[in-house]
Every structure is written in C-alpha cells, then in structure tokens.
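Peer 1: What follows is coords04.txt; its format and atoms are compact mmCIF, C-alpha atoms and all ligand atoms.
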```
# COMPACT_ATOMS: atom_id res chain seq x y z
CA MET A 12 0.00 0.00 0.00
CA GLN A 13 1.23 3.45 -0.93
CA ILE A 14 1.07 5.96 1.96
CA THR A 15 0.82 9.47 0.53
CA VAL A 16 0.89 12.28 3.06
CA ASP A 17 -0.88 15.51 2.09
CA LEU A 18 1.79 17.67 3.65
CA SER A 19 0.49 21.08 2.56
CA ARG A 20 -2.92 20.33 4.04
CA LEU A 21 -1.38 19.12 7.29
CA LEU A 22 0.87 22.20 7.56
CA SER A 23 -2.05 24.53 6.95
CA GLU A 24 -4.07 22.74 9.64
CA LEU A 25 -1.14 23.12 12.06
CA GLU A 26 -1.09 26.80 11.20
CA THR A 27 -4.83 27.20 11.75
CA LEU A 28 -4.63 25.35 15.06
CA ALA A 29 -1.78 27.66 16.13
CA SER A 30 -4.04 30.66 15.48
CA PHE A 31 -6.23 29.63 18.43
CA SER A 32 -3.97 31.40 20.88
CA ASP A 33 -4.00 33.96 23.65
CA ALA A 34 -0.52 35.14 22.64
CA PRO A 35 0.37 36.82 19.33
CA ALA A 36 2.05 34.60 16.70
CA PRO A 37 4.49 32.95 16.56
CA ALA A 38 3.87 32.29 20.25
CA VAL A 39 1.03 29.96 21.17
CA THR A 40 -0.77 30.11 24.51
CA ARG A 41 -3.70 27.73 24.76
CA VAL A 42 -4.57 26.81 28.31
CA VAL A 43 -7.08 24.03 28.78
CA PHE A 44 -10.76 25.14 28.68
CA SER A 45 -9.85 28.76 27.88
CA SER A 46 -12.00 30.22 25.11
CA GLN A 47 -9.15 29.61 22.65
CA ASP A 48 -8.88 25.98 23.72
CA LEU A 49 -12.63 25.52 23.31
CA ALA A 50 -12.50 27.10 19.84
CA ALA A 51 -9.59 24.82 18.91
CA ARG A 52 -11.62 21.81 20.06
CA THR A 53 -14.52 22.87 17.85
CA TYR A 54 -12.14 23.22 14.91
CA LEU A 55 -10.71 19.75 15.52
CA ARG A 56 -14.14 18.15 15.80
CA LYS A 57 -15.03 19.69 12.45
CA LEU A 58 -11.87 18.22 10.87
CA PHE A 59 -12.63 14.81 12.37
CA SER A 60 -16.22 14.85 11.12
CA GLU A 61 -15.08 15.70 7.60
CA VAL A 62 -13.39 12.30 7.54
CA ALA A 63 -16.57 10.73 8.95
CA LEU A 64 -14.87 9.65 12.15
CA GLU A 65 -17.25 8.70 14.93
CA LEU A 66 -16.87 11.23 17.75
CA ARG A 67 -17.11 10.86 21.49
CA THR A 68 -16.06 13.22 24.27
CA ASP A 69 -15.77 11.97 27.84
CA ALA A 70 -16.58 13.86 31.04
CA VAL A 71 -13.11 15.38 31.39
CA GLY A 72 -13.03 16.45 27.75
CA ASN A 73 -10.83 13.73 26.24
CA THR A 74 -11.95 13.46 22.63
CA PHE A 75 -12.10 10.18 20.68
CA ALA A 76 -12.50 10.01 16.90
CA ARG A 77 -12.99 6.49 15.66
CA TRP A 78 -12.56 4.90 12.25
CA THR A 79 -14.58 1.74 12.71
CA GLY A 80 -12.84 -1.40 11.56
CA SER A 81 -14.33 -4.36 9.75
CA ASP A 82 -14.43 -6.26 13.05
CA PRO A 83 -15.67 -3.74 15.64
CA SER A 84 -15.66 -6.43 18.33
CA LEU A 85 -11.83 -6.31 18.45
CA ALA A 86 -9.96 -3.88 20.71
CA PRO A 87 -9.10 -0.75 18.71
CA VAL A 88 -5.64 0.58 17.93
CA ALA A 89 -5.23 4.15 19.13
CA THR A 90 -3.04 7.15 18.49
CA GLY A 91 -3.15 10.78 19.55
CA SER A 92 -1.66 13.45 21.77
CA HIS A 93 -2.64 16.83 23.21
CA THR A 94 -3.38 20.31 21.88
CA ASP A 95 -3.12 22.47 24.99
CA ALA A 96 -0.03 24.66 25.04
CA VAL A 97 1.87 26.26 27.91
CA PRO A 98 2.08 30.07 27.87
CA HIS A 99 4.32 31.35 25.07
CA ALA A 100 4.87 27.94 23.58
CA GLY A 101 5.23 26.90 19.97
CA ARG A 102 2.93 25.17 17.53
CA TYR A 103 4.26 21.60 17.32
CA ASP A 104 4.23 20.13 20.83
CA GLY A 105 1.33 17.67 20.95
CA THR A 106 -0.39 19.06 17.87
CA VAL A 107 1.84 17.05 15.51
CA GLY A 108 0.55 13.88 17.17
CA VAL A 109 -3.09 14.95 16.84
CA LEU A 110 -3.17 16.45 13.34
CA GLY A 111 -0.46 14.00 12.21
CA GLY A 112 -2.65 11.18 13.52
CA LEU A 113 -5.58 12.56 11.55
CA GLU A 114 -3.47 12.81 8.40
CA ALA A 115 -2.23 9.24 8.96
CA ILE A 116 -5.86 8.08 8.98
CA ARG A 117 -6.66 10.09 5.86
CA ALA A 118 -3.55 8.72 4.13
CA LEU A 119 -4.59 5.15 4.93
CA ARG A 120 -8.06 5.85 3.54
CA ARG A 121 -6.63 7.36 0.37
CA GLY A 122 -4.46 4.27 -0.01
CA GLY A 123 -7.60 2.10 0.12
CA PHE A 124 -6.70 0.47 3.44
CA ARG A 125 -9.53 -1.15 5.38
CA PRO A 126 -8.62 -1.77 9.04
CA ARG A 127 -9.82 -4.92 10.76
CA ARG A 128 -9.51 -3.31 14.18
CA SER A 129 -10.99 0.15 14.62
CA ILE A 130 -8.44 2.97 14.67
CA GLU A 131 -9.09 5.68 17.22
CA LEU A 132 -7.57 9.14 17.39
CA LEU A 133 -7.39 10.67 20.87
CA VAL A 134 -7.02 14.25 21.98
CA PHE A 135 -6.12 14.26 25.67
CA THR A 136 -7.28 16.98 28.02
CA SER A 137 -4.62 19.10 29.69
CA GLU A 138 -1.33 17.32 29.15
CA GLU A 139 0.29 20.51 30.39
CA PRO A 140 0.03 21.27 34.12
CA THR A 141 -0.56 25.00 33.51
CA ARG A 142 -4.10 25.27 34.84
CA PHE A 143 -4.47 22.56 37.46
CA GLY A 144 -0.85 22.06 38.49
CA ILE A 145 -0.97 18.42 37.42
CA GLY A 146 0.24 17.12 34.05
CA CYS A 147 -1.63 14.63 31.86
CA LEU A 148 -5.00 15.16 33.54
CA GLY A 149 -6.99 13.42 30.79
CA SER A 150 -4.74 10.40 30.37
CA ARG A 151 -4.27 10.06 34.14
CA MET A 152 -8.03 9.72 34.51
CA LEU A 153 -8.40 7.43 31.47
CA SER A 154 -5.86 5.05 32.96
CA GLY A 155 -7.33 5.21 36.46
CA THR A 156 -4.13 6.75 37.84
CA LEU A 157 -6.13 9.74 39.07
CA SER A 158 -9.43 8.87 40.73
CA PRO A 159 -12.61 10.92 40.16
CA GLU A 160 -12.54 11.82 43.90
CA ASP A 161 -9.03 13.24 43.63
CA ALA A 162 -9.87 14.98 40.34
CA ARG A 163 -12.78 16.75 42.05
CA LEU A 164 -10.32 18.33 44.47
CA LEU A 165 -8.40 20.04 41.66
CA LYS A 166 -8.66 23.80 41.44
CA ASP A 167 -7.20 26.32 39.04
CA GLY A 168 -5.30 29.46 40.04
CA GLU A 169 -8.54 31.37 40.47
CA GLY A 170 -9.91 28.79 42.89
CA LYS A 171 -12.44 27.34 40.42
CA ASN A 172 -12.79 23.61 40.77
CA LEU A 173 -12.53 21.15 37.91
CA GLU A 174 -16.20 20.20 37.78
CA GLU A 175 -17.28 23.84 37.67
CA ILE A 176 -14.92 24.45 34.76
CA LEU A 177 -16.13 21.30 32.97
CA ARG A 178 -19.75 22.39 33.30
CA GLN A 179 -18.88 25.79 31.84
CA ALA A 180 -17.33 23.93 28.91
CA ALA A 181 -20.66 22.06 28.50
CA LEU A 182 -19.08 18.80 29.71
CA ASN A 183 -21.75 17.39 32.00
CA GLY A 184 -20.91 13.68 32.10
CA SER A 185 -19.84 11.75 35.16
CA LEU A 186 -16.12 11.62 35.95
CA GLU A 187 -16.72 8.03 37.07
CA ASN A 188 -17.13 7.05 33.41
CA VAL A 189 -13.78 8.39 32.19
CA ARG A 190 -11.64 5.41 33.18
CA LEU A 191 -11.04 2.78 30.49
CA ALA A 192 -10.49 -0.86 31.33
CA LYS A 193 -7.12 -2.49 30.88
CA GLY A 194 -7.18 -4.10 27.45
CA TYR A 195 -9.64 -1.54 26.06
CA TYR A 196 -7.01 -0.76 23.39
CA HIS A 197 -5.00 -3.33 21.48
CA ALA A 198 -2.17 -0.79 21.33
CA PHE A 199 -1.46 2.92 21.61
CA VAL A 200 1.19 4.82 19.68
CA GLU A 201 1.95 8.54 19.99
CA LEU A 202 3.80 10.72 17.49
CA HIS A 203 5.59 13.66 19.13
CA ILE A 204 8.43 16.09 18.57
CA GLU A 205 11.51 15.02 20.51
CA GLN A 206 11.77 18.24 22.58
CA GLY A 207 15.48 17.50 22.87
CA PRO A 208 18.49 17.68 20.52
CA LEU A 209 19.55 14.05 20.00
CA LEU A 210 17.86 13.21 16.67
CA GLU A 211 18.97 16.47 15.09
CA CYS A 212 22.56 16.01 16.34
CA LYS A 213 22.73 12.49 14.94
CA GLY A 214 20.90 13.39 11.71
CA ILE A 215 18.37 10.60 12.24
CA PRO A 216 14.74 11.39 11.32
CA VAL A 217 12.86 9.04 13.66
CA GLY A 218 13.36 8.04 17.29
CA ILE A 219 11.68 4.93 18.61
CA VAL A 220 10.99 5.41 22.29
CA THR A 221 11.94 2.42 24.43
CA ALA A 222 11.11 3.91 27.82
CA ILE A 223 9.55 7.03 29.30
CA ALA A 224 11.28 8.46 32.33
CA ALA A 225 9.03 9.62 35.11
CA PRO A 226 9.69 12.50 37.42
CA ALA A 227 9.30 12.59 41.14
CA ALA A 228 9.11 16.02 42.70
CA LEU A 229 10.07 16.96 46.24
CA ARG A 230 9.53 20.19 48.11
CA VAL A 231 12.03 20.63 50.91
CA THR A 232 11.39 23.36 53.45
CA ILE A 233 14.27 24.27 55.73
CA GLU A 234 13.70 26.36 58.87
CA GLY A 235 16.75 27.88 60.48
CA ALA A 236 17.14 31.07 62.43
CA GLY A 237 17.24 34.55 60.96
CA GLY A 238 19.07 37.52 62.33
CA HIS A 239 21.21 40.53 61.52
CA ALA A 240 23.96 39.77 59.02
CA GLY A 241 26.38 41.83 61.03
CA ALA A 242 25.44 41.09 64.60
CA VAL A 243 25.08 37.30 64.71
CA LEU A 244 28.49 35.65 64.76
CA MET A 245 29.31 32.67 62.56
CA PRO A 246 29.42 29.95 65.25
CA ASP A 247 25.91 30.93 66.39
CA ARG A 248 24.22 30.75 63.04
CA ARG A 249 21.55 28.34 61.77
CA ASP A 250 21.50 29.61 58.19
CA ALA A 251 18.65 27.96 56.25
CA PHE A 252 20.14 28.79 52.87
CA LEU A 253 23.47 27.12 53.62
CA ALA A 254 21.60 24.00 54.65
CA ALA A 255 19.64 24.24 51.39
CA ALA A 256 22.89 24.60 49.44
CA GLU A 257 24.26 21.40 50.97
CA ILE A 258 21.03 19.60 50.10
CA ALA A 259 21.18 20.87 46.49
CA LEU A 260 24.72 19.48 46.18
CA ALA A 261 23.50 16.19 47.62
CA VAL A 262 20.82 16.11 44.91
CA GLU A 263 23.52 16.31 42.26
CA SER A 264 25.58 13.62 44.00
CA ALA A 265 22.55 11.33 44.25
CA ALA A 266 22.12 11.36 40.47
CA LYS A 267 25.83 11.00 39.72
CA ALA A 268 26.20 8.13 42.18
CA THR A 269 23.95 5.82 40.14
CA ARG A 270 26.51 5.98 37.28
CA SER A 271 23.62 5.74 34.83
CA ALA A 272 23.10 8.34 32.09
CA ASP A 273 19.36 7.90 32.64
CA SER A 274 19.47 9.26 36.19
CA VAL A 275 18.92 13.01 36.46
CA ALA A 276 18.15 15.21 39.45
CA THR A 277 17.64 18.95 39.49
CA THR A 278 17.07 21.57 42.15
CA GLY A 279 15.14 24.04 40.02
CA VAL A 280 13.68 26.25 42.75
CA CYS A 281 15.34 27.82 45.75
CA ASN A 282 13.38 30.51 47.56
CA VAL A 283 15.17 32.22 50.40
CA PHE A 284 13.44 34.19 53.16
CA PRO A 285 13.45 36.99 54.04
CA GLY A 286 15.65 37.57 50.97
CA ALA A 287 17.54 40.66 52.13
CA VAL A 288 21.28 41.18 51.75
CA ASN A 289 21.75 42.03 55.42
CA SER A 290 19.54 39.26 56.86
CA ILE A 291 20.56 35.70 57.62
CA PRO A 292 18.19 33.40 55.73
CA SER A 293 15.68 31.98 58.20
CA ARG A 294 13.86 29.77 55.75
CA ALA A 295 14.61 28.20 52.37
CA VAL A 296 12.32 26.20 50.13
CA LEU A 297 13.75 23.90 47.48
CA GLU A 298 11.90 22.12 44.71
CA ILE A 299 13.66 19.09 43.37
CA ASP A 300 12.91 17.04 40.26
CA VAL A 301 14.29 13.49 40.08
CA ARG A 302 13.91 11.31 36.99
CA ASP A 303 14.89 7.91 35.75
CA ILE A 304 13.52 5.17 33.52
CA ASP A 305 14.11 2.64 36.30
CA LEU A 306 11.75 2.98 39.26
CA ALA A 307 14.07 1.38 41.84
CA ARG A 308 16.97 3.60 40.82
CA ARG A 309 14.74 6.69 40.83
CA ASP A 310 13.48 5.85 44.30
CA GLY A 311 17.07 5.15 45.37
CA MET A 312 17.94 8.75 44.49
CA LEU A 313 14.97 9.96 46.52
CA GLY A 314 16.23 7.92 49.46
CA ALA A 315 19.72 9.38 49.15
CA ILE A 316 18.28 12.91 49.12
CA ARG A 317 16.18 12.18 52.21
CA SER A 318 19.16 10.88 54.12
CA ALA A 319 21.22 13.92 53.09
CA CYS A 320 18.44 16.08 54.54
CA GLN A 321 18.76 14.22 57.84
CA THR A 322 22.52 14.71 57.91
CA VAL A 323 22.16 18.43 57.22
CA THR A 324 19.46 18.76 59.90
CA ALA A 325 21.85 17.45 62.55
CA LYS A 326 24.89 19.27 61.26
CA ARG A 327 23.34 22.70 60.94
CA GLN A 328 20.67 22.56 63.66
CA VAL A 329 17.83 23.34 61.24
CA ARG A 330 14.39 21.77 60.79
CA VAL A 331 13.76 20.11 57.45
CA GLN A 332 10.38 19.10 56.12
CA ILE A 333 10.16 16.98 52.96
CA ASP A 334 6.96 16.84 50.92
CA LEU A 335 6.65 14.42 48.04
CA ILE A 336 4.66 16.45 45.51
CA ASN A 337 4.50 13.80 42.86
CA ALA A 338 6.01 10.41 42.06
CA ASP A 339 4.80 8.71 38.90
CA ALA A 340 6.29 5.40 37.86
CA PRO A 341 8.34 5.29 34.65
CA ALA A 342 7.13 3.14 31.75
CA GLN A 343 8.74 0.75 29.34
CA ALA A 344 7.48 0.79 25.78
CA SER A 345 5.74 -2.37 24.62
CA PRO A 346 7.69 -4.60 22.21
CA LEU A 347 4.46 -4.99 20.21
CA VAL A 348 4.67 -1.29 19.31
CA THR A 349 8.46 -0.83 19.15
CA GLU A 350 8.77 -3.81 16.82
CA ALA A 351 5.98 -2.47 14.60
CA LEU A 352 7.75 0.92 14.54
CA THR A 353 11.11 -0.64 13.69
CA GLN A 354 9.57 -2.71 10.93
CA SER A 355 7.67 0.26 9.48
CA CYS A 356 10.80 2.42 9.39
CA ARG A 357 12.69 -0.38 7.67
CA ALA A 358 9.91 -0.91 5.10
CA LEU A 359 9.76 2.82 4.36
CA GLY A 360 13.56 3.14 4.15
CA ILE A 361 13.58 5.65 7.03
CA GLU A 362 16.52 5.51 9.41
CA SER A 363 15.58 5.29 13.10
CA MET A 364 17.23 4.95 16.48
CA PRO A 365 16.00 3.75 19.88
CA MET A 366 15.83 6.43 22.54
CA VAL A 367 14.48 7.30 25.95
CA SER A 368 11.82 9.94 26.44
CA ARG A 369 12.95 12.18 29.25
CA ALA A 370 9.87 14.36 29.07
CA TYR A 371 6.44 13.44 30.32
CA HIS A 372 3.79 12.33 27.86
CA ASP A 373 0.24 11.00 27.85
CA SER A 374 1.80 7.71 26.70
CA LEU A 375 3.23 7.30 30.21
CA PHE A 376 -0.32 6.82 31.49
CA LEU A 377 -1.72 4.97 28.47
CA SER A 378 1.01 2.40 29.05
CA ARG A 379 -0.83 1.35 32.23
CA ILE A 380 -3.84 0.12 30.26
CA ALA A 381 -2.47 -0.71 26.81
CA PRO A 382 0.72 -1.84 25.04
CA THR A 383 2.18 1.58 24.27
CA GLY A 384 4.97 3.14 22.25
CA MET A 385 6.05 6.49 20.88
CA LEU A 386 7.90 7.82 17.89
CA PHE A 387 9.82 11.06 17.96
CA ILE A 388 10.71 13.40 15.14
CA PRO A 389 13.49 16.01 15.40
CA CYS A 390 12.85 19.58 16.45
CA ARG A 391 15.24 22.40 15.64
CA ASN A 392 17.99 22.87 18.25
CA GLY A 393 16.00 20.61 20.56
CA VAL A 394 13.86 23.62 21.47
CA SER A 395 10.32 23.20 22.82
CA HIS A 396 7.84 25.18 24.93
CA ARG A 397 9.10 28.30 23.15
CA PRO A 398 7.70 30.32 20.22
CA ASP A 399 10.68 29.30 18.05
CA GLU A 400 9.86 25.60 18.45
CA TYR A 401 10.09 24.14 14.94
CA ALA A 402 9.78 20.81 13.19
CA ALA A 403 10.72 20.63 9.51
CA PRO A 404 7.93 19.70 7.07
CA GLU A 405 9.94 16.73 5.77
CA ASP A 406 10.37 15.39 9.30
CA ILE A 407 6.66 15.78 10.03
CA LYS A 408 5.89 13.96 6.79
CA ARG A 409 8.17 11.05 7.66
CA GLY A 410 6.65 10.87 11.13
CA VAL A 411 3.15 10.64 9.69
CA GLN A 412 4.24 7.99 7.16
CA VAL A 413 5.69 5.83 9.91
CA LEU A 414 2.64 6.39 12.12
CA ALA A 415 0.26 5.44 9.30
CA SER A 416 2.24 2.33 8.53
CA VAL A 417 2.30 1.27 12.20
CA LEU A 418 -1.43 1.87 12.64
CA ALA A 419 -2.07 -0.23 9.53
CA GLN A 420 0.18 -3.01 10.81
CA LEU A 421 -1.41 -3.07 14.25
CA ALA A 422 -4.98 -2.78 12.97
CA GLN A 423 -4.69 -5.61 10.46
ZN ZN B 501 3.60 17.40 24.42
```
Spit out the file's structure as structure tokens when you get a sec.
Peer 2:
Amino acid sequence: MQITVDLSRLLSELETLASFSDAPAPAVTRVVFSSQDLAARTYLRKLFSEVALELRTDAVGNTFARWTGSDPSLAPVATGSHTDAVPHAGRYDGTVGVLGGLEAIRALRRGGFRPRRSIELLVFTSEEPTRFGIGCLGSRMLSGTLSPEDARLLKDGEGKNLEEILRQAALNGSLENVRLAKGYYHAFVELHIEQGPLLECKGIPVGIVTAIAAPAALRVTIEGAGGHAGAVLMPDRRDAFLAAAEIALAVESAAKATRSADSVATTGVCNVFPGAVNSIPSRAVLEIDVRDIDLARRDGMLGAIRSACQTVTAKRQVRVQIDLINADAPAQASPLVTEALTQSCRALGIESMPMVSRAYHDSLFLSRIAPTGMLFIPCRNGVSHRPDEYAAPEDIKRGVQVLASVLAQLAQ
C-alpha cells in the first residue's frame, strides 16, 4: 500500500490550530478550557467529522474520533496526543501527534486500506500542568491513575474547581465514566516532537521510544534562624540557605552516584526568606525534580536525598520538612509497538534509532492500560515550549508515514 501524506494540508491545519492562541504569533498560549482551547476543540471536531470519524467526548473532555474497523468487536488501535499549550509555547508540541494522527488516517483511507480493528484518534485533556498544576490530567483519569474523587479536588489558580470548569465547557458527564479498562485498546502509539536535541545532532529522522522516564518532585522546606547579618556571629548561626545549598549538592551527587546516564536530578527552585542582603536566611524552600527510567533507581535517588536532609538537619541545627509532591512510575514501551515501529521504518527506508523519552507524555499513562509506544521526530535545536519551536515539514511527513504504517500493521 502506498502511503501518501498531504503535507500542505497538514501544515495549513497546524497553522490554523496555532491561530487559536492567547498570545500573538508565533507564540502559542492555549490553556485548557480557555475560550481559545474551546475554539480549537470545535475546529478539531469539524476536521474529524469531515473524515466521517465517529466522535465521542468523555466527562473530562478527552476526545475520541474512531474509524470503525471491519471487526468492531476487536480492541481498537489508538493514536493521539494533546493540543493544549503552555504560555508562550510553539505550535508543534502535541499538535503534531493529533493532526499528524488525523493525516495518517486520511492517508490510509486514500491508499484504500480497510482496518480490521478500529483505529481511534485521541485528543487528551490538559497534558500541560498550567491550569491545574498536574500534568496529563486526561490520560491520568483514562488510565485510572487519578481517581474521580481526587480529580474533584483540583482547582485552578482562580480557585475554580474542575467540575465547575467542565460544566462551563458544557461537559456534564460523570467523571466516574472516564476510566477505560485495561485491554480496552490493542495498542497505543503517539507521534511527538523530541523536545530534545539528539535526533537532530545524529541526523536521524525518527526516534523509537523504548522507555519514558518519570519524574518525582520533592519540596524541601528548611527552617533555620534569621538575624542581623552583622550582629550574629558565625558559630551561632543556623542559616537555612546554607543547609539548602548542601542539600542541592546532595541532589547532584545522588544522580551521579547511580553511574547511569538515565538518572537526572535537578534543584530548580530555591526561595530564600526573608531575601535581604543584610539578613541571615531563616527559611529556604527547594523544589527538586528526580527522573529515571528505572523505578528502583529513581526511588534510590529519593532515598539518598532524604538521608542527606537528615545529615544536614543534625549538622546545621535546622528543621527540614520533605513533601513528596508527585512520584509517577516510569514506563517501558511495549515490544508490540516498538517492533511495529522498527519494521515500518525499515519498510519505508527511514533511518531510526531507539531512545528514551525524558519528558512526560500522555503515553506514560496509556502504558498502564495498553501496550504503548512512541515515535519522535526532530525539532530544531531541541527547542520546545518556546515560540521558536520548529519541526521541519519533511520530518513531520516522515513521522506521519511511519505512524500510518504502524497503525495499519497493528490494525490488520
Ligand atoms: Zn507534548
């Protein structure tokens, strides 16, 4: 079967989608359930209906567009991604997987392919944590990782709760019905820009994701004693910032100590109080992100950081409180999908390489209910979440070709 991608149509759809934005072009700001996000959803539903896909939207706003297969009793094959965008982002993150997924379906139709399994295109609600402070809201709920009870507790920055916002978006279903059973999908595959520089550096057009690293986030609050920077002598100090500095160095050591390139740990936030040049810091708050593709190793780093906190507490006579903000488990890609991806690339004569996804994706959660995999295409200079985010048309085209071929393989 010949897979012909209508690249100019796809690029113009990406451009139209980017125009639903609260920031002037080339920046894209599209926060979930903002008026621009709702308008973008309407636009997407129109595109899906033009191809006669059967539409369904669940109670949290995840959208499903189904091409019914010749045997609808079989578990469908699914693809998709997200279309919400962090403030001042670009136009390719997530959208390439949604509109590329749509174009893959159209290309298969044009080629005369008839799937045995249904093929379903998903648009996940709120992959970005911008509004509710939690990433992958839609796919978390689909996979049962976030319960309806916990979802009901979510509030946005203005104090509006999730259900209120859903009702305003005319989503009146029950959150209890969002979860999909394990085995609901035969397989899930997501096309995404890499958001890192590796493919571009190596000159390879397709990355086949073998594992998705998962972050754990800690907030560490250190209480020491403040005082006048001139009057309190050094032996009498309980400087909260210096304790924080030792903990930040321990975070680095914890990652280096695993001797694995897949272990990373970052202290990205350090707030110091009262924050005056002539005051000894009385309090410091650190936020620490720890990632790995191996759960035991990731949790080992967390353990090392906790014990460093204890050591610093004793040494510097400070109080340290550790809050675990988030700790999702990493995921391994399913061989069913990675093998289909490898085979498709080979058949299409497209060079590929295995790689690890170090960013978060909806696939991380889909992997809990379905055999899951991802394919990455390069993005210029590895830049993402910025207005100058860019994926070359030829790379997008190759990504869609591979995706179409994999969907066909898996749906046969
Ligand atoms: Zn994304």
Peer 1: Restricting the calculation to only C-alpha atoms and all ligand atoms: of A:Cys147, A:Val62, A:Ile215, A:Met152, which residue gets closest to ligand ZN 501 (chain B)?
Peer 2: A:Cys147
Peer 1: Go through A:Pro140, A:Gly360, A:Gly80, A:Gly184 one by one, measure the shortest atom-to-atom distance of each to ligand ZN 501 (chain B) using all atoms listed in the file, and give the residue with the smallest value.
Peer 2: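 Of A:Pro140, A:Gly360, A:Gly80, A:Gly184, the one nearest ligand ZN 501 (chain B) is A:Pro140, counting all atoms listed in the file.
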Peer 1: Between A:Lys171, A:His203, A:Arg309, A:Arg102, which is the closest to ligand ZN 501 (chain B) once you count all atoms listed in the file?
Peer 2: A:His203
Peer 1: Within 10 Å of ligand ZN 501 (chain B), counting only C-alpha atoms and all ligand atoms, which protein or nucleic acid residues do you find, written as a list in words?
Peer 2: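 So the residues close to ligand ZN 501 (chain B) are Ser92, His93, Thr94, Asp95, Ala96, Val97, Tyr103, Asp104, Gly105, Thr106, Val107, Gly108, Ser137, Glu138, Glu139, Cys147, Leu202, His203, Ile204, Glu205, Gln206, Ala370, Tyr371, His372, Asp373, Ser395 and His396 of chain A.
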Peer 1: If I put a ball of radius 12 Å at (-10.8, 22.0, 11.2) in the file's coordinates, which residues poke into it when counting all atoms listed in the file, written as a PyMOL selection string?
Peer 2: chain A and resi 20-21+23-31+50-62+109-110+113
Peer 1: Pick out the closest residue to Lys267 of chain A from this set: A:Gly235, A:Gly279, A:Gly311, A:Asp339. Count all atoms listed in the file.
Peer 2: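 With all atoms listed in the file as the atom set, the closest residue is A:Gly311.
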Peer 1: Rounded to one decimal place, report the atom CA of Ala251 of chain A-atom CA of Met312 of chain A distance in Å.
Peer 2: 22.5 Å
Peer 1: Put segment 88-95 of chain A into a file with all heavy atoms, as a CSV table (one decimal), in the first residue's frame.
Peer 2:
```
chain,number,residue,atom,x,y,z
A,88,VAL,N,-7.0,0.0,17.9
A,88,VAL,CA,-5.6,0.6,17.9
A,88,VAL,C,-5.8,2.1,18.0
A,88,VAL,O,-6.6,2.7,17.4
A,88,VAL,CB,-4.9,0.2,16.6
A,88,VAL,CG1,-3.5,0.9,16.6
A,88,VAL,CG2,-4.7,-1.3,16.5
A,89,ALA,N,-5.0,2.7,18.9
A,89,ALA,CA,-5.2,4.1,19.1
A,89,ALA,C,-4.0,4.9,18.9
A,89,ALA,O,-2.8,4.4,19.1
A,89,ALA,CB,-5.8,4.4,20.5
A,90,THR,N,-4.1,6.2,18.6
A,90,THR,CA,-3.0,7.1,18.5
A,90,THR,C,-3.6,8.5,19.0
A,90,THR,O,-4.8,8.6,19.2
A,90,THR,CB,-2.5,7.2,17.1
A,90,THR,OG1,-1.3,8.1,17.1
A,90,THR,CG2,-3.5,7.9,16.1
A,91,GLY,N,-2.7,9.5,19.1
A,91,GLY,CA,-3.2,10.8,19.6
A,91,GLY,C,-2.2,11.4,20.5
A,91,GLY,O,-1.1,10.9,20.8
A,92,SER,N,-2.5,12.7,20.9
A,92,SER,CA,-1.7,13.5,21.8
A,92,SER,C,-2.5,14.6,22.3
A,92,SER,O,-3.7,14.4,22.5
A,92,SER,CB,-0.4,13.9,21.0
A,92,SER,OG,0.6,14.4,21.8
A,93,HIS,N,-1.9,15.7,22.6
A,93,HIS,CA,-2.6,16.8,23.2
A,93,HIS,C,-2.5,18.1,22.4
A,93,HIS,O,-1.6,18.2,21.5
A,93,HIS,CB,-2.1,17.1,24.6
A,93,HIS,CG,-0.6,17.6,24.6
A,93,HIS,ND1,-0.3,18.9,24.7
A,93,HIS,CD2,0.5,16.9,24.4
A,93,HIS,CE1,1.0,19.0,24.6
A,93,HIS,NE2,1.6,17.8,24.4
A,94,THR,N,-3.4,19.0,22.6
A,94,THR,CA,-3.4,20.3,21.9
A,94,THR,C,-3.3,21.5,22.8
A,94,THR,O,-3.4,22.6,22.3
A,94,THR,CB,-4.6,20.5,20.9
A,94,THR,OG1,-5.8,20.4,21.7
A,94,THR,CG2,-4.6,19.4,19.8
A,95,ASP,N,-3.3,21.3,24.1
A,95,ASP,CA,-3.1,22.5,25.0
A,95,ASP,C,-1.7,22.9,24.9
A,95,ASP,O,-0.8,22.1,24.6
A,95,ASP,CB,-3.6,22.2,26.4
A,95,ASP,CG,-2.8,21.1,27.1
A,95,ASP,OD1,-2.4,20.1,26.5
A,95,ASP,OD2,-2.6,21.2,28.4
```
